[in-house]
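Peer 1: Submitted below is the structure of interest, expressed as structure tokens.
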Amino acid sequence: MKNSYFCFLALFPFAAHSAVTSESLCFELSKTSPVKFEFRTFYDASSKWSGGFVKYAKSSEPISIVLTDTQNEMLGADAPWQSTRSWSEVISGKVSGTYELVTQGTHIVSMTYTKKSNGKVYYFGNNTSVDSSLESGCKWG
């Protein structure tokens, strides 16, 4: 019996199945500012592919983003890892800006957007009180 089980495993190895993980976060310039956006990312572990989009509250069109850099840093023995991910915003085939998301464990440290045309940096806060789902996105209400 053990030999037949071993032969079965040898002939039909387990297929590696990895689901695509996704994350949807809601950011705003300030509580009183109309500048708000959803930041949605996707990652496929089997292909090591990442992609995503941002969708501003006052726009019906999402803007594609491409992961361009990831840096991980251990801050201390008892501290969570810090991860800095940079995403290029692509409009009409050209990079128009860069989003930089810094996290420590599950905590969002910062989110910035740098506009390529003038170098201006915008600082956004994560709004966890906004209803959000992968099906409907951020509901700014």
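Ligands are numbered from 1 in the order shown, chains are lettered A, B, ... in the order of the structure tokens, and residues start at 1 in each chain.
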Set the distance at 9 Å and use only C-alpha atoms: which residues neighbour A:Tyr122 once local chain neighbours fewer than 6 positions away are removed? I'd like the list as a ChimeraX atom specification.

Peer 2: /A:29,111-115

Peer 1: Kindly save the residues from that selection, with N, CA and C atoms included, as a PDB file, in the first residue's frame.

Peer 2:
ATOM      1  N   LEU A  29      -6.061  63.181   1.450  1.00  0.00           N
ATOM      2  CA  LEU A  29      -5.069  64.222   1.709  1.00  0.00           C
ATOM      3  C   LEU A  29      -5.243  64.772   3.122  1.00  0.00           C
ATOM      4  N   MET A 111       2.086  57.276   3.289  1.00  0.00           N
ATOM      5  CA  MET A 111       1.750  57.149   1.868  1.00  0.00           C
ATOM      6  C   MET A 111       2.013  58.511   1.253  1.00  0.00           C
ATOM      7  N   THR A 112       2.881  58.533   0.249  1.00  0.00           N
ATOM      8  CA  THR A 112       3.150  59.785  -0.454  1.00  0.00           C
ATOM      9  C   THR A 112       2.934  59.593  -1.949  1.00  0.00           C
ATOM     10  N   TYR A 113       2.639  60.686  -2.592  1.00  0.00           N
ATOM     11  CA  TYR A 113       2.561  60.721  -4.054  1.00  0.00           C
ATOM     12  C   TYR A 113       3.460  61.850  -4.522  1.00  0.00           C
ATOM     13  N   THR A 114       4.337  61.544  -5.474  1.00  0.00           N
ATOM     14  CA  THR A 114       5.210  62.556  -6.059  1.00  0.00           C
ATOM     15  C   THR A 114       4.818  62.722  -7.527  1.00  0.00           C
ATOM     16  N   LYS A 115       4.411  63.929  -7.875  1.00  0.00           N
ATOM     17  CA  LYS A 115       4.029  64.239  -9.250  1.00  0.00           C
ATOM     18  C   LYS A 115       5.292  64.433 -10.068  1.00  0.00           C
TER      19      LYS A 115
END

Peer 1: At most 8 Å is the cut-off: for each residue in stretch 61-91 of chain A with any atom that close to an atom of stretch 95-104 of chain A, write down the nearest atom pair and the distance in Å rounded to one decimal, counting only C-alpha atoms, chain first then increasing number, as JSON lines.

Peer 2:
{"residue": "A:Pro80", "atom": "CA", "partner": "A:Gln104", "partner_atom": "CA", "distance": 5.6}
{"residue": "A:Trp81", "atom": "CA", "partner": "A:Gln104", "partner_atom": "CA", "distance": 5.5}
{"residue": "A:Gln82", "atom": "CA", "partner": "A:Gln104", "partner_atom": "CA", "distance": 4.3}
{"residue": "A:Ser83", "atom": "CA", "partner": "A:Thr103", "partner_atom": "CA", "distance": 5.3}
{"residue": "A:Thr84", "atom": "CA", "partner": "A:Val102", "partner_atom": "CA", "distance": 4.4}
{"residue": "A:Arg85", "atom": "CA", "partner": "A:Leu101", "partner_atom": "CA", "distance": 5.3}
{"residue": "A:Ser86", "atom": "CA", "partner": "A:Glu100", "partner_atom": "CA", "distance": 4.5}
{"residue": "A:Trp87", "atom": "CA", "partner": "A:Tyr99", "partner_atom": "CA", "distance": 5.1}
{"residue": "A:Ser88", "atom": "CA", "partner": "A:Thr98", "partner_atom": "CA", "distance": 4.6}
{"residue": "A:Glu89", "atom": "CA", "partner": "A:Gly97", "partner_atom": "CA", "distance": 5.1}
{"residue": "A:Val90", "atom": "CA", "partner": "A:Val95", "partner_atom": "CA", "distance": 4.5}
{"residue": "A:Ile91", "atom": "CA", "partner": "A:Ser96", "partner_atom": "CA", "distance": 6.4}

Peer 1: DSSP on the backbone: what in chain A comes out alpha helix (DSSP H), as a PyMOL selection string?

Peer 2: chain A and resi 2-11

Peer 1: Excluding same-chain residues fewer than 4 positions from A:Asp131, what lies within 10 Å of it counting only C-alpha atoms, as a VMD selection string?

Peer 2: chain A and resid 26 127 136 to 141

Peer 1: Print the selection's residues with N, CA and C atoms to a file, as an mmCIF file, in the first residue's frame.

Peer 2:
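Written output follows (again.cif):
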data_model
loop_
_atom_site.group_PDB
_atom_site.id
_atom_site.type_symbol
_atom_site.label_atom_id
_atom_site.label_comp_id
_atom_site.auth_asym_id
_atom_site.auth_seq_id
_atom_site.Cartn_x
_atom_site.Cartn_y
_atom_site.Cartn_z
ATOM 1 N N CYS A 26 -7.841 52.908 1.543
ATOM 2 C CA CYS A 26 -8.457 54.197 1.239
ATOM 3 C C CYS A 26 -7.613 55.315 1.851
ATOM 4 N N ASN A 127 -7.469 56.173 5.693
ATOM 5 C CA ASN A 127 -8.745 56.347 6.367
ATOM 6 C C ASN A 127 -9.371 54.972 6.572
ATOM 7 N N SER A 136 -16.555 46.618 -4.242
ATOM 8 C CA SER A 136 -17.063 47.969 -4.459
ATOM 9 C C SER A 136 -16.029 49.074 -4.270
ATOM 10 N N GLY A 137 -14.874 48.754 -3.706
ATOM 11 C CA GLY A 137 -13.861 49.778 -3.470
ATOM 12 C C GLY A 137 -14.203 50.640 -2.271
ATOM 13 N N CYS A 138 -13.596 51.809 -2.206
ATOM 14 C CA CYS A 138 -13.816 52.746 -1.087
ATOM 15 C C CYS A 138 -15.132 53.472 -1.309
ATOM 16 N N LYS A 139 -15.983 53.442 -0.317
ATOM 17 C CA LYS A 139 -17.276 54.154 -0.374
ATOM 18 C C LYS A 139 -17.121 55.435 0.429
ATOM 19 N N TRP A 140 -16.832 56.509 -0.277
ATOM 20 C CA TRP A 140 -16.510 57.777 0.390
ATOM 21 C C TRP A 140 -17.717 58.451 1.001
ATOM 22 N N GLY A 141 -18.904 58.113 0.544
ATOM 23 C CA GLY A 141 -20.141 58.632 1.159
ATOM 24 C C GLY A 141 -20.252 60.049 1.133
#

Peer 1: What is the distance between atom CA of A:Thr128 and atom CA of A:Ile63, in Å to one decimal?

Peer 2: 21.7 Å

Peer 1: What's around A:Ser24 at 9 Å? Count only C-alpha atoms, leave out sequence neighbours fewer than 4 positions away in its own chain, and write the answer as number ranges by chain.

Peer 2: A: 38-41, 132-134, 137-138

Peer 1: Kindly indicate which residue among A:Ala79, A:Ala45, A:Thr32, A:Phe37 lies nearest to A:Ser60, using only C-alpha atoms for the distances.

Peer 2: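 With only C-alpha atoms as the atom set, the closest residue is A:Phe37.
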
Peer 1: Could you go through stretch 109-140 of chain A and tell me which residues DSSP, when run on the backbone, assigns to strand (DSSP E or B), listing them as a PyMOL selection string?

Peer 2: chain A and resi 109-115+121-126+131-133+137-139

Peer 1: Find, counting only C-alpha atoms, the residue in A:Leu75, A:Ala57, A:Val130, A:Leu67 that gets nearest to A:Lys36.

Peer 2: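 Nearest to A:Lys36: A:Ala57.
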